[in-house]
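Please read the structure below before turning to the comments.
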Amino acid sequence: MTSITATSVPARARTRAGVGLRQWVGLLYVLPAVALVTVFFVIPLGMTAWMSLNNWPLMGEHSFIGLDNYVAILRDTRFWNALKFTFYYTVIVTIAIFAVAFPLAIFIERPRPLTNLYRTAFFMPAVVGFASASLLWSWLLNVDSGLFSPAAYDLGLTAKKVNLLATFQPAFWSIIAMVVWKVAGFTMIILMTGLQSIPQDLQEAAVIDGAGPFARFRAITLPLMRRTLALALILSVAGSILAFDQFYIILRGGPRNQTLTAVYWIFNQSFVSFKLGYGAALSMVLLAILVALSLVQLWLLRKPEGLD
Amino acid sequence: MAEAMAQNRRAAFSLARHSTGVIASVLFLAPIVWTVLSTFKPAQEARQPPLPPWPTTGFSIENYETLNSFGDGLWVSAQNSIYVSVMTVLLSVLVSVLAGYGFSRFRFPFRDFFFVLILSTIMIPFQSILTPIFLVLTKLGLHNTLTGLVCVYVTLQLPFSIFMMRNAFDAVPREIEEAARMDGANNVTMLVKVMLPLVWPGVVTIALFAFLGAWNEFLAALVLMTDQSKFTLPVMMTALQSGRFGAIDWGAVQAGVTVMMVPCLILFLALQRFYIRGLMAGAVK
């Protein structure tokens, strides 16, 4: 009994004195994370900025050249074409993903018989990696050993086997189909969370007031889903701007370099031509675009004012 | 009469709903099923268009066997992929649990600064800093090593997983901790014995995302792994599909794709609840 009181008094005093010190222990807990982020993110980020101001070959000395790389970018029509193509792809693929994912989200929103099964089926391609999906579709799209061209030929739809990957339009739309197949389930789940967060009684009240399904969708569903829609939109746009795997694996940037994306061009400059400084400058441009996009995202995702 | 009509309407609605559901499910699953079935054709047949998808000239695992004959072989790449993914899971769970606990339970200088710093890395596309990452790894002697790739993958996971873990620890009532401290538990025992079981669902979620992220990542592995014996499955299979080892053997490509897909599908089906949880946490916040 006495021994307990004897030790507990100094212990409490020590705690009071060491309360600030005890909190410092927290630093130790977060240290590994901070170290990793510093070494593999913050430092490389700073290096990208510095390298972009240098002529930096893989071998040999690098030299400071100021803004020359950025000036060169202005004249680099192939980069601007790649950027233009990336934006074109982003707009089309985002529209296509939403056109598929939104109806699916409405379809699986409410728990009915078998809904979970359907939801799982729609989502399956989303857990397969982009590289696996691209390899899979590069086979399906192959003119000799694939599925689509031979099937169309066998069904008498085409006079001969058409190489879908030989010209821009069919190649581009094949990629769109593949990406929609792979990503729609993911977007569907995000949209579903938004739909489910809309209070049911709000919809019911509107029905009593005589609002049709379209009016309800416009006046209740869309405004109340603003933040979810914005999130799904930003995820799709950011992912598409950074697209690489599918264009590299299925098309190798072809036909005739028409499907080189921004990341693909940076990859080519940095790791095929080994112009590391120039690649870094291109990266800075890409980075600026993505950061601007993130700022738009923060603005779109701000908590609704005046509501709730 | 009116009741019969209403019943008919309900039946018609149900029929329409299920036919839509089935057709859409078939469209989403078909490419996966088509590939998996085709892999069991003999090599000769696998070169032909997959019509029908299942083997017609006998069941065979030839395609899987030939995979091992390209370059350093599929088995080496599969081992690399497994090593990288498992290490990424273990390390990112360890680092994020520690950091999540630290951010949730302690008030130390620069706490908010560090938290925002880690979270803000999600805004920067790692694609734009690959070159310097390559140089940093070279400086550290981790150039062209699987360990180096693991470090990069863990770092990429941190913003999501630390955010998840901080929220998980925030949700644990402080009374539990105080009771344990009364019983004489120190920080580490507290974390392992008391807190960890309570935040376990969050741990499973971040582990699942870390595995899928590392298993499927392509660009960083393509850039950072220059030696064929270090290739992960996506890089190895792309090399094979590009004809780097001679004429493209589509049967082998399908077999490789199957090897890449199946672990993801099984993990997802087994842990679906946790996956959706993770997505929701990201979507709601």
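Convention: chains lettered A, B, ... in structure tokens order; per-chain residue numbering from 1; ligands numbered from 1 as shown.
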### Task
Select all residues from chain B having any atom no more than 7 Å from an atom of chain A (counting only C-alpha atoms, ignoring ligands), output as a VMD selection string.
chain B and resid 21 25 28 to 29 47 to 50 95 98 to 99 102 106 to 108 114 118 123 to 125 128 to 129 131 to 133 152 155 216 218 234 238 250 254 257 260 to 261 264 to 265 280 283
Can you write out the residues you just picked, keeping N, CA and C atoms, as a short mmCIF file (atom, residue, chain, number, x, y, z; two decimals), in the first residue's frame?
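The resulting selection.cif:
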data_model
loop_
_atom_site.label_atom_id
_atom_site.label_comp_id
_atom_site.auth_asym_id
_atom_site.auth_seq_id
_atom_site.Cartn_x
_atom_site.Cartn_y
_atom_site.Cartn_z
N GLY B 21 -28.84 -5.66 -65.96
CA GLY B 21 -27.76 -6.03 -65.07
C GLY B 21 -26.91 -7.15 -65.63
N SER B 25 -23.11 -6.82 -66.86
CA SER B 25 -22.11 -7.65 -66.17
C SER B 25 -21.29 -8.45 -67.18
N PHE B 28 -18.70 -6.34 -68.87
CA PHE B 28 -17.55 -5.99 -68.03
C PHE B 28 -16.66 -7.20 -67.75
N LEU B 29 -17.29 -8.37 -67.63
CA LEU B 29 -16.50 -9.55 -67.27
C LEU B 29 -15.91 -10.26 -68.49
N ARG B 47 -2.63 -19.18 -81.01
CA ARG B 47 -2.22 -18.19 -82.01
C ARG B 47 -3.39 -17.76 -82.89
N GLN B 48 -4.42 -18.60 -82.95
CA GLN B 48 -5.61 -18.28 -83.76
C GLN B 48 -6.53 -17.33 -82.99
N PRO B 49 -7.42 -16.61 -83.72
CA PRO B 49 -8.40 -15.77 -83.03
C PRO B 49 -9.20 -16.60 -82.02
N PRO B 50 -9.51 -16.02 -80.86
CA PRO B 50 -10.15 -16.78 -79.79
C PRO B 50 -11.65 -17.00 -80.03
N VAL B 95 5.06 2.28 -41.58
CA VAL B 95 5.31 3.73 -41.55
C VAL B 95 4.01 4.51 -41.32
N LEU B 98 2.60 4.11 -37.63
CA LEU B 98 3.38 4.96 -36.72
C LEU B 98 3.00 6.43 -36.90
N ALA B 99 2.99 6.87 -38.17
CA ALA B 99 2.73 8.29 -38.44
C ALA B 99 1.29 8.65 -38.09
N GLY B 102 1.13 9.01 -34.42
CA GLY B 102 1.82 10.23 -34.01
C GLY B 102 0.99 11.48 -34.29
N PHE B 106 -0.34 13.08 -30.56
CA PHE B 106 0.68 13.95 -29.96
C PHE B 106 0.59 15.35 -30.56
N ARG B 107 0.94 16.34 -29.73
CA ARG B 107 1.03 17.71 -30.26
C ARG B 107 2.49 18.11 -30.17
N PHE B 108 3.17 18.07 -31.29
CA PHE B 108 4.59 18.42 -31.30
C PHE B 108 4.79 19.54 -32.30
N PHE B 114 4.02 19.14 -41.10
CA PHE B 114 4.41 17.83 -41.64
C PHE B 114 3.21 17.11 -42.26
N ILE B 118 2.96 16.00 -46.17
CA ILE B 118 2.78 14.64 -46.67
C ILE B 118 1.54 14.54 -47.55
N MET B 123 -0.85 16.02 -54.73
CA MET B 123 -1.13 16.97 -55.82
C MET B 123 -0.08 16.92 -56.91
N ILE B 124 1.12 16.45 -56.54
CA ILE B 124 2.24 16.44 -57.50
C ILE B 124 2.27 15.08 -58.19
N PRO B 125 2.19 15.06 -59.52
CA PRO B 125 2.27 13.77 -60.20
C PRO B 125 3.70 13.22 -60.13
N SER B 128 6.28 13.41 -62.94
CA SER B 128 7.10 14.58 -63.27
C SER B 128 8.41 14.61 -62.48
N ILE B 129 8.59 13.71 -61.49
CA ILE B 129 9.84 13.74 -60.74
C ILE B 129 10.61 12.44 -60.85
N THR B 131 12.88 11.44 -63.07
CA THR B 131 14.31 11.57 -63.37
C THR B 131 15.12 11.80 -62.09
N PRO B 132 14.75 12.84 -61.29
CA PRO B 132 15.50 13.02 -60.05
C PRO B 132 15.39 11.82 -59.10
N ILE B 133 14.26 11.13 -59.08
CA ILE B 133 14.16 9.93 -58.24
C ILE B 133 15.22 8.92 -58.68
N VAL B 152 10.20 3.91 -53.39
CA VAL B 152 9.39 4.83 -54.18
C VAL B 152 7.91 4.50 -54.02
N THR B 155 6.54 5.57 -50.62
CA THR B 155 6.35 7.02 -50.56
C THR B 155 5.07 7.42 -51.29
N ASN B 216 0.57 -3.38 -59.67
CA ASN B 216 0.14 -2.92 -60.99
C ASN B 216 0.96 -1.77 -61.56
N PHE B 218 3.45 0.58 -63.41
CA PHE B 218 4.19 0.29 -64.63
C PHE B 218 5.31 1.29 -64.94
N PRO B 234 4.59 -6.40 -65.02
CA PRO B 234 4.12 -5.54 -66.11
C PRO B 234 5.22 -5.19 -67.10
N THR B 238 5.34 -6.50 -70.98
CA THR B 238 5.35 -5.52 -72.06
C THR B 238 6.52 -5.77 -73.00
N TRP B 250 1.18 -14.79 -78.53
CA TRP B 250 0.00 -14.24 -77.86
C TRP B 250 -0.52 -15.17 -76.78
N GLN B 254 -1.27 -13.85 -73.01
CA GLN B 254 -2.51 -14.05 -72.25
C GLN B 254 -2.24 -14.73 -70.92
N VAL B 257 -0.84 -12.15 -68.63
CA VAL B 257 -1.89 -11.23 -68.18
C VAL B 257 -2.73 -11.90 -67.10
N MET B 260 -1.01 -11.79 -63.90
CA MET B 260 -1.06 -10.44 -63.33
C MET B 260 -2.43 -10.09 -62.76
N MET B 261 -3.49 -10.59 -63.39
CA MET B 261 -4.85 -10.19 -62.99
C MET B 261 -5.36 -10.96 -61.79
N CYS B 264 -5.07 -9.82 -58.07
CA CYS B 264 -5.86 -8.61 -57.81
C CYS B 264 -7.33 -8.97 -57.64
N LEU B 265 -7.82 -9.82 -58.53
CA LEU B 265 -9.24 -10.18 -58.50
C LEU B 265 -9.57 -10.94 -57.22
N MET B 280 -14.59 5.11 -50.20
CA MET B 280 -15.56 6.02 -49.57
C MET B 280 -14.83 7.07 -48.75
N ALA B 283 -13.56 9.52 -50.89
CA ALA B 283 -14.59 10.28 -51.61
C ALA B 283 -15.31 11.26 -50.70
#
### Query
Asp227 of chain B: which residues within 12 Å, counting only C-alpha atoms, same-chain residues fewer than 5 positions away excluded, as number ranges by chain?
B: 71-72, 77, 80, 143-146, 221-222, 232, 235-236
#### Entry: Interatomic distance, atom CA of Leu165 of chain A to atom CA of Ala177 of chain A (Å, one decimal)
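A separation of 13.1 Å between them.
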### Query
Taking the backbone alone, and naming residues the way the document does, which bits of segment 11-226 of chain A are strand (DSSP E) by DSSP, as a PyMOL selection string?
chain A and resi 54-55+63-64
### Task
List every residue of segment 51-272 of chain A that DSSP, applied to the backbone of this structure, places in alpha helix (DSSP H), and write the result as a PyMOL selection string.
chain A and resi 51+68-75+77-108+115-127+130-140+148-154+168-196+200-208+213-216+222-224+226-241+245-246+262-267
### atom CA of His18 of chain B to atom CA of Ala101 of chain A, distance in Å rounded to a single decimal
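Result for atom CA of His18 of chain B versus atom CA of Ala101 of chain A: 17.6 Å, one decimal.
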Spatial neighbours of Glu177 of chain B, max dist 10 Å, only C-alpha atoms, sep filter under 4 positions, as a PDB file with N, CA and C atoms, in the first residue's frame:
ATOM      1  N   ARG B 105      -2.237  11.518 -31.885  1.00  0.00           N
ATOM      2  CA  ARG B 105      -2.208  11.521 -30.422  1.00  0.00           C
ATOM      3  C   ARG B 105      -1.201  12.477 -29.781  1.00  0.00           C
ATOM      4  N   VAL B 172     -10.670   6.427 -32.259  1.00  0.00           N
ATOM      5  CA  VAL B 172     -10.565   5.626 -31.030  1.00  0.00           C
ATOM      6  C   VAL B 172     -10.693   6.563 -29.825  1.00  0.00           C
ATOM      7  N   PRO B 173     -11.653   6.291 -28.919  1.00  0.00           N
ATOM      8  CA  PRO B 173     -11.841   7.181 -27.764  1.00  0.00           C
ATOM      9  C   PRO B 173     -10.596   7.233 -26.890  1.00  0.00           C
ATOM     10  N   ARG B 181      -3.074   3.249 -19.961  1.00  0.00           N
ATOM     11  CA  ARG B 181      -1.909   3.909 -19.361  1.00  0.00           C
ATOM     12  C   ARG B 181      -1.919   3.721 -17.837  1.00  0.00           C
ATOM     13  N   MET B 182      -3.134   3.760 -17.256  1.00  0.00           N
ATOM     14  CA  MET B 182      -3.288   3.488 -15.826  1.00  0.00           C
ATOM     15  C   MET B 182      -2.735   2.108 -15.495  1.00  0.00           C
ATOM     16  N   ASP B 183      -2.979   1.173 -16.416  1.00  0.00           N
ATOM     17  CA  ASP B 183      -2.508  -0.190 -16.188  1.00  0.00           C
ATOM     18  C   ASP B 183      -1.023  -0.324 -16.462  1.00  0.00           C
ATOM     19  N   ALA B 185       0.758   0.612 -19.301  1.00  0.00           N
ATOM     20  CA  ALA B 185       1.246   0.353 -20.656  1.00  0.00           C
ATOM     21  C   ALA B 185       2.066   1.546 -21.133  1.00  0.00           C
ATOM     22  N   ASN B 187       4.104   3.622 -24.419  1.00  0.00           N
ATOM     23  CA  ASN B 187       3.628   4.010 -25.744  1.00  0.00           C
ATOM     24  C   ASN B 187       3.570   2.853 -26.731  1.00  0.00           C
ATOM     25  N   MET B 190       1.084   0.114 -25.859  1.00  0.00           N
ATOM     26  CA  MET B 190      -0.236   0.688 -26.086  1.00  0.00           C
ATOM     27  C   MET B 190      -0.596   0.587 -27.563  1.00  0.00           C
ATOM     28  N   LEU B 191       0.348   1.019 -28.396  1.00  0.00           N
ATOM     29  CA  LEU B 191       0.076   1.032 -29.835  1.00  0.00           C
ATOM     30  C   LEU B 191      -0.198  -0.379 -30.347  1.00  0.00           C
ATOM     31  N   VAL B 194      -3.131  -2.368 -27.649  1.00  0.00           N
ATOM     32  CA  VAL B 194      -4.439  -1.746 -27.399  1.00  0.00           C
ATOM     33  C   VAL B 194      -5.014  -1.108 -28.656  1.00  0.00           C
ATOM     34  N   MET B 195      -4.189  -0.286 -29.327  1.00  0.00           N
ATOM     35  CA  MET B 195      -4.712   0.509 -30.436  1.00  0.00           C
ATOM     36  C   MET B 195      -4.845  -0.302 -31.727  1.00  0.00           C
TER      37      MET B 195
END
### Task
Can you pull out every residue within 12 Å of Gln169 of chain A, counting only C-alpha atoms, but drop anything in the same chain fewer than 6 positions away, and send it as JSON, numbers by chain?
{"A": [89, 163, 175, 176, 254, 255, 258, 259]}
### Query
Taking into account only C-alpha atoms, which residue in the set A:Gln200, A:Asp76, A:Leu235, A:Leu141 is nearest to Ile122 of chain B?
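Of A:Gln200, A:Asp76, A:Leu235, A:Leu141, the one nearest Ile122 of chain B, counting only C-alpha atoms, is A:Leu235.
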### Query
Given the choices B:Ile32, B:Leu91, B:Ser120, B:Lys41, which gets closest to Val262 of chain B if the distance is worked out from only C-alpha atoms?
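Counting only C-alpha atoms, the residue closest to Val262 of chain B is B:Ile32.
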### Query
Looking at A:Arg216, A:Tyr278, A:Arg302, A:Asp201, which one is nearest to Val71 of chain A, with distances taken over only C-alpha atoms?
A:Tyr278
